[in-house]
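K.L.:
Right, I'll just put the structure down here and ask away after.
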Amino acid sequence: MEIRVTGNTRRRLLDLGLVPGTVVEAIRRSPMGDPTAYWIRGAVVALRKEDGDVIVVRTI
């Protein structure tokens, strides 16, 4: 996983547990399509599309 943003947004995503090697699973999307809920390190985290677009993941 790679985070392609700097500054406060990067710090927030890292604080949420999105560090290299983390397994992320999309579990639910809102009826309007934004935000999407993800399972990250034992917690459910909702991210808006604009935040999710800066995260690059590898499918396993």
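Residue numbers start at 1 in each chain; chains themselves are named A, B, ... in the order of the structure tokens; ligands are numbered from 1 in the order shown.
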Just asking: which residues within chain A are helix (DSSP H, G or I) according to DSSP, as a list of chain:residue names?
P.N.:
A:Asn8, A:Thr9, A:Arg10, A:Arg11, A:Arg12, A:Leu13, A:Leu14, A:Asp15, A:Lys49, A:Glu50, A:Asp51, A:Gly52
K.L.:
What gap, in Å, lies between CA of Arg58 in chain A and CA of Val24 in chain A?
P.N.:
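Spanning CA of Arg58 in chain A to CA of Val24 in chain A is a straight-line distance of 9.7 Å.
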K.L.:
Rank nothing, just name the residue among A:Gly21, A:Asp15, A:Ile40, A:Arg28 nearest to Glu2 in chain A, using only C-alpha atoms.
P.N.:
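Using only C-alpha atoms, Glu2 in chain A sits closest to A:Gly21.
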K.L.:
Can you list, as a list of chain:residue names, every protein, DNA or RNA residue that comes within 8 Å of range 44-52 of chain A when you count only C-alpha atoms, leaving out same-chain residues fewer than 4 positions away?
P.N.:
A:Thr9, A:Leu16, A:Asp34, A:Pro35, A:Thr36, A:Ala37, A:Tyr38, A:Trp39, A:Ile40
K.L.:
Could you please write out, as a ChimeraX atom specification, every residue of chain A that DSSP assigns to strand (DSSP E)?
P.N.:
/A:2-3,24-29,36-40,43-47,55-56
K.L.:
Put those residues in a file: N, CA and C atoms, as a PDB file, in the first residue's frame.
P.N.:
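Ended up saving to result_32.pdb:
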```pdb
ATOM      1  N   GLU A   2       0.427   2.252  -0.693  1.00  0.00           N
ATOM      2  CA  GLU A   2       1.166   3.509  -0.782  1.00  0.00           C
ATOM      3  C   GLU A   2       0.178   4.665  -0.665  1.00  0.00           C
ATOM      4  N   ILE A   3       0.571   5.686   0.066  1.00  0.00           N
ATOM      5  CA  ILE A   3      -0.265   6.880   0.203  1.00  0.00           C
ATOM      6  C   ILE A   3       0.381   7.987  -0.618  1.00  0.00           C
ATOM      7  N   VAL A  24      -6.349  -4.099   3.957  1.00  0.00           N
ATOM      8  CA  VAL A  24      -7.540  -3.246   3.945  1.00  0.00           C
ATOM      9  C   VAL A  24      -8.631  -3.980   3.177  1.00  0.00           C
ATOM     10  N   GLU A  25      -9.828  -4.045   3.773  1.00  0.00           N
ATOM     11  CA  GLU A  25     -10.953  -4.720   3.124  1.00  0.00           C
ATOM     12  C   GLU A  25     -12.131  -3.754   3.041  1.00  0.00           C
ATOM     13  N   ALA A  26     -12.629  -3.553   1.815  1.00  0.00           N
ATOM     14  CA  ALA A  26     -13.831  -2.734   1.635  1.00  0.00           C
ATOM     15  C   ALA A  26     -15.016  -3.572   2.088  1.00  0.00           C
ATOM     16  N   ILE A  27     -15.806  -3.059   3.041  1.00  0.00           N
ATOM     17  CA  ILE A  27     -16.906  -3.864   3.575  1.00  0.00           C
ATOM     18  C   ILE A  27     -18.280  -3.304   3.261  1.00  0.00           C
ATOM     19  N   ARG A  28     -18.375  -2.003   3.013  1.00  0.00           N
ATOM     20  CA  ARG A  28     -19.705  -1.430   2.772  1.00  0.00           C
ATOM     21  C   ARG A  28     -19.560  -0.069   2.093  1.00  0.00           C
ATOM     22  N   ARG A  29     -20.493   0.216   1.201  1.00  0.00           N
ATOM     23  CA  ARG A  29     -20.538   1.525   0.546  1.00  0.00           C
ATOM     24  C   ARG A  29     -21.887   2.150   0.847  1.00  0.00           C
ATOM     25  N   THR A  36     -17.160   5.115   1.730  1.00  0.00           N
ATOM     26  CA  THR A  36     -17.054   3.664   1.761  1.00  0.00           C
ATOM     27  C   THR A  36     -16.434   3.265   3.092  1.00  0.00           C
ATOM     28  N   ALA A  37     -16.943   2.186   3.686  1.00  0.00           N
ATOM     29  CA  ALA A  37     -16.414   1.685   4.954  1.00  0.00           C
ATOM     30  C   ALA A  37     -15.376   0.603   4.670  1.00  0.00           C
ATOM     31  N   TYR A  38     -14.260   0.679   5.373  1.00  0.00           N
ATOM     32  CA  TYR A  38     -13.160  -0.272   5.213  1.00  0.00           C
ATOM     33  C   TYR A  38     -12.830  -0.892   6.563  1.00  0.00           C
ATOM     34  N   TRP A  39     -12.409  -2.143   6.547  1.00  0.00           N
ATOM     35  CA  TRP A  39     -11.922  -2.838   7.732  1.00  0.00           C
ATOM     36  C   TRP A  39     -10.412  -2.672   7.728  1.00  0.00           C
ATOM     37  N   ILE A  40      -9.881  -1.937   8.716  1.00  0.00           N
ATOM     38  CA  ILE A  40      -8.455  -1.641   8.791  1.00  0.00           C
ATOM     39  C   ILE A  40      -7.973  -1.944  10.199  1.00  0.00           C
ATOM     40  N   ALA A  43     -10.659  -2.294  12.928  1.00  0.00           N
ATOM     41  CA  ALA A  43     -11.619  -1.198  13.100  1.00  0.00           C
ATOM     42  C   ALA A  43     -12.269  -0.874  11.762  1.00  0.00           C
ATOM     43  N   VAL A  44     -13.493  -0.390  11.822  1.00  0.00           N
ATOM     44  CA  VAL A  44     -14.180   0.052  10.619  1.00  0.00           C
ATOM     45  C   VAL A  44     -13.916   1.552  10.464  1.00  0.00           C
ATOM     46  N   VAL A  45     -13.401   1.924   9.299  1.00  0.00           N
ATOM     47  CA  VAL A  45     -13.067   3.315   9.011  1.00  0.00           C
ATOM     48  C   VAL A  45     -13.778   3.717   7.730  1.00  0.00           C
ATOM     49  N   ALA A  46     -14.495   4.838   7.764  1.00  0.00           N
ATOM     50  CA  ALA A  46     -15.180   5.342   6.577  1.00  0.00           C
ATOM     51  C   ALA A  46     -14.322   6.427   5.937  1.00  0.00           C
ATOM     52  N   LEU A  47     -14.087   6.273   4.630  1.00  0.00           N
ATOM     53  CA  LEU A  47     -13.307   7.258   3.888  1.00  0.00           C
ATOM     54  C   LEU A  47     -14.105   7.765   2.699  1.00  0.00           C
ATOM     55  N   ILE A  55      -4.849   6.599  -2.092  1.00  0.00           N
ATOM     56  CA  ILE A  55      -4.306   5.363  -1.542  1.00  0.00           C
ATOM     57  C   ILE A  55      -4.211   4.337  -2.660  1.00  0.00           C
ATOM     58  N   VAL A  56      -3.016   3.793  -2.835  1.00  0.00           N
ATOM     59  CA  VAL A  56      -2.777   2.772  -3.855  1.00  0.00           C
ATOM     60  C   VAL A  56      -2.605   1.443  -3.135  1.00  0.00           C
TER      61      VAL A  56
END
```
